[in-house]
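The next block holds one structure in the form of structure tokens; read it before the comments.
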Amino acid sequence: EEDEAALEELLGPSPLAPGPGAQRVAIVHPAVKWGPQKSPLTTAELQMAEAVALVDTLQNWTVLDKIIIPTKNPNKKFVFGKGNFQILTEKIKKLPHVTAVFLNVERISSLTKKELEGAWGVQVFDRYTVVLHIFRCNARTKEAKLQVALAEIPLLRSNLKNEVSQRDQQRGGSRYIMGSGETFLETQHRVLKERELKIRNALEKLRRKRTLLRTQRRKCEFPMVSVMGYTNCGKTTLIKALTGEAGLQPRDQLFATLDITAHAGYLPSHMAVIYVDTIGFLTDLPHNLVESFSATLEEVAYSDLIVHVRDITHPETILQKATVLSVLRNLNLPSHLLDSMVEVHNKVDLIERYKPTEENALAVSALHGHGLEELKQEIEKKILTATGKKILTVNINLEGPQLSWLYKEATVQEVEVMPEDGRARVKVIIGSSAFGRYKNLFPHSEIFMS
């Protein structure tokens with residue numbers, strides 16, 4: 001009960017949440033025209049479209065205006081050059097009832113944020129704060145909520161510096177809190193450090209619980225398939241199509257899935273597998289945010305196979321692929337998982353006579369069921385290789401102990417009884433070590449490879 005009370009305290013209302021009211025947002029995208037910061041795989045218009053999609057994900061948030069302004073260096077204090085900053089400020093001031101500006105950069109410093117808010121007279125958000133707020137709104141489980149709270153810590157630290165410098169200006173230097181020997185800054189830093197430690201401990205407890213569940217699942221020998229991809233590429237729709245799970249409700253929005261969810265399905269040989277739905281990725285997703293969700297993503301390292309889903313209709317599909325592969329490489333996954341990955345080109349129903357140009361990629365429409373059988377066969381082939389399992393048919397004597405042994409040590413698929421000679425033909429999925437034991441115990445058994 002004490003643990004529960006402490007957890008509830010950590011999951012209380014966020015001091016960083018923009019509040020429940022409606023937001024009328026002007027999106028400003030700093031377009032880098034040249035230099036190392038310009039991405040060759042995208043355009044300012046496509047980056048703006050993604051920023052709009054992020055805002056549209058939030059309830060009661062409306063895009064009031066979209067402004068693309070060139071800059072040489074988006075990392076400088078005011079992001080833009082003097083002349084462009086002046087033009088931008090005038091534009092924002094003229095917008096009716098604007099309540100916030102979403103500056104489409106990964107992260108701005110607390111000092112830049114303060115200066116921009118002073119100049120424009122409204123709240124200013126960067127990608128970190130907008131994505132974090134989407135996460136906050138979509139977090140359903142305790143684990144997801146804790147991960148959001150952990151991702152907020154760097155922002156709270158950054159805000160603290162700002163707050164302290166303001167106090168120092170007002171009071172003429174930092175003050176010690178009465179009798180404590182600590183400055184205000186030291187006290188607040190200590191409080192934040194304690195909060196971070198509590199969140200990490202709570203997450204560690206949940207991680208241990210998940211490890212226990214994983215061990216139990218391993219005992220049942222269900223192979224695990226992690227379904228990954230850029231946010232809104234159709235992962236949940238694909239899992240629904242592969243499993244037939246009616247309760248799954250895919251949503252056409254960014255970051256609809258934040259928690260790991262597991263769903264059982266069957267492959268062509270009737271082998272049961274568990275499909276794991278994971279958080280989607282995003283270009284320029286701040287490192288702290290990815291790190292906070294690493295506990296969720298660590299589950300991927302224990303899969304037998306990764307299925308990488310791509311929205312092949314998206315104009316930035318190549319950049320999205322590069323983003324996903326980059327995150328996967330940073331997760332330090334076993335090399336065999338990266339090498340055996342299945343690439344799925346989804347939403348092919350929207351492109352006439354689509355043929356994948358990448359070798360071994362499978363064309364699928366999760367919505368209309370196109371290409372699903374080929375995908376299941378490919379998953380089964382890779383799973384059998386990854387797990388060392390074999391699909392066999394064995395002829396057994398019904399009076400002997402073979403059938404009960406197979407039920408205990410393998411997965412029996414079909415039993416075809418031949419009553420006239422007291423025998424049966426049994427189709428099984430069996431692991432390598434169990435197969436070795438079977439051959440030792442029943443050396444005269446007739447075995448046929450499927």
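Starting from 1 in every chain, residues are counted up; chains themselves are A, B, ... following the order of the structure tokens, and ligands are numbered from 1 as listed.
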Open item on the list: Quick one: residues within 12 Å of segment 40-47 of chain A, only C-alpha atoms, excluding same-chain residues fewer than 6 positions away - as a PyMOL selection string?
Closed with: chain A and resi 27-34+53-54+66-71+103-106+127+282-284+314-323
Task: Close residues, Leu337 of chain A itself excluded, 10 Å, only C-alpha atoms, min 5 positions apart in chain, as a ChimeraX atom specification - done: /A:300-307,328,342,386
Can you spit out the residues from that selection as a PDB file, in the first residue's frame, using N, CA and C atoms?
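Result file out06.pdb:
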```
ATOM      1  N   VAL A 300      12.244  -5.904 -27.164  1.00  0.00           N
ATOM      2  CA  VAL A 300      12.570  -6.270 -28.544  1.00  0.00           C
ATOM      3  C   VAL A 300      13.785  -7.182 -28.600  1.00  0.00           C
ATOM      4  N   ALA A 301      14.758  -6.950 -27.703  1.00  0.00           N
ATOM      5  CA  ALA A 301      15.990  -7.749 -27.693  1.00  0.00           C
ATOM      6  C   ALA A 301      15.706  -9.223 -27.412  1.00  0.00           C
ATOM      7  N   TYR A 302      14.562  -9.507 -26.787  1.00  0.00           N
ATOM      8  CA  TYR A 302      14.230 -10.892 -26.441  1.00  0.00           C
ATOM      9  C   TYR A 302      13.323 -11.554 -27.481  1.00  0.00           C
ATOM     10  N   SER A 303      13.060 -10.855 -28.589  1.00  0.00           N
ATOM     11  CA  SER A 303      12.203 -11.450 -29.617  1.00  0.00           C
ATOM     12  C   SER A 303      12.993 -12.468 -30.415  1.00  0.00           C
ATOM     13  N   ASP A 304      12.244 -13.293 -31.142  1.00  0.00           N
ATOM     14  CA  ASP A 304      12.875 -14.239 -32.063  1.00  0.00           C
ATOM     15  C   ASP A 304      12.974 -13.635 -33.458  1.00  0.00           C
ATOM     16  N   LEU A 305      12.145 -12.583 -33.694  1.00  0.00           N
ATOM     17  CA  LEU A 305      12.127 -11.971 -35.030  1.00  0.00           C
ATOM     18  C   LEU A 305      11.592 -10.552 -34.938  1.00  0.00           C
ATOM     19  N   ILE A 306      12.120  -9.664 -35.793  1.00  0.00           N
ATOM     20  CA  ILE A 306      11.579  -8.301 -35.902  1.00  0.00           C
ATOM     21  C   ILE A 306      10.921  -8.152 -37.266  1.00  0.00           C
ATOM     22  N   VAL A 307       9.700  -7.619 -37.271  1.00  0.00           N
ATOM     23  CA  VAL A 307       9.030  -7.265 -38.532  1.00  0.00           C
ATOM     24  C   VAL A 307       9.021  -5.743 -38.613  1.00  0.00           C
ATOM     25  N   LEU A 328      17.089   1.195 -33.985  1.00  0.00           N
ATOM     26  CA  LEU A 328      17.295  -0.235 -33.697  1.00  0.00           C
ATOM     27  C   LEU A 328      18.775  -0.537 -33.475  1.00  0.00           C
ATOM     28  N   VAL A 342      12.354  -8.920 -41.134  1.00  0.00           N
ATOM     29  CA  VAL A 342      11.443  -8.975 -42.287  1.00  0.00           C
ATOM     30  C   VAL A 342      10.938  -7.565 -42.565  1.00  0.00           C
ATOM     31  N   ALA A 386      15.289 -19.287 -36.436  1.00  0.00           N
ATOM     32  CA  ALA A 386      15.744 -18.581 -35.220  1.00  0.00           C
ATOM     33  C   ALA A 386      15.649 -19.446 -33.976  1.00  0.00           C
TER      34      ALA A 386
END
```
Open item on the list: Please compute the atom CA of Ala361 of chain A-atom CA of Met449 of chain A distance, one decimal, in Å.
Closed with: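 Computing the Euclidean distance for atom CA of Ala361 of chain A and atom CA of Met449 of chain A yields 27.9 Å.
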Open item on the list: Given only C-alpha atoms as the basis, pick out the residue of A:Asn159, A:Asn360, A:Thr313, A:Gln249 nearest to Ser110 of chain A.
Closed with: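 Looking only at the distances to Ser110 of chain A, the closest residue turns out to be A:Asn159.
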Open item on the list: I need the residues of segment 83-147 of chain A that end up classed as strand (DSSP E) by DSSP on the backbone, written out as number ranges by chain.
Closed with: A: 100-103, 123-125
Keeping only C-alpha atoms, write the selected residues to a file as a PDB file, in the first residue's frame.
```
ATOM      1  CA  ALA A 100       1.100  29.182 -28.698  1.00  0.00           C
ATOM      2  CA  VAL A 101       3.908  28.813 -31.220  1.00  0.00           C
ATOM      3  CA  PHE A 102       5.246  25.351 -32.087  1.00  0.00           C
ATOM      4  CA  LEU A 103       8.830  25.854 -33.222  1.00  0.00           C
ATOM      5  CA  GLN A 123       3.826  30.003 -24.999  1.00  0.00           C
ATOM      6  CA  VAL A 124       6.534  28.426 -27.172  1.00  0.00           C
ATOM      7  CA  PHE A 125       6.836  24.642 -27.619  1.00  0.00           C
TER       8      PHE A 125
END
```
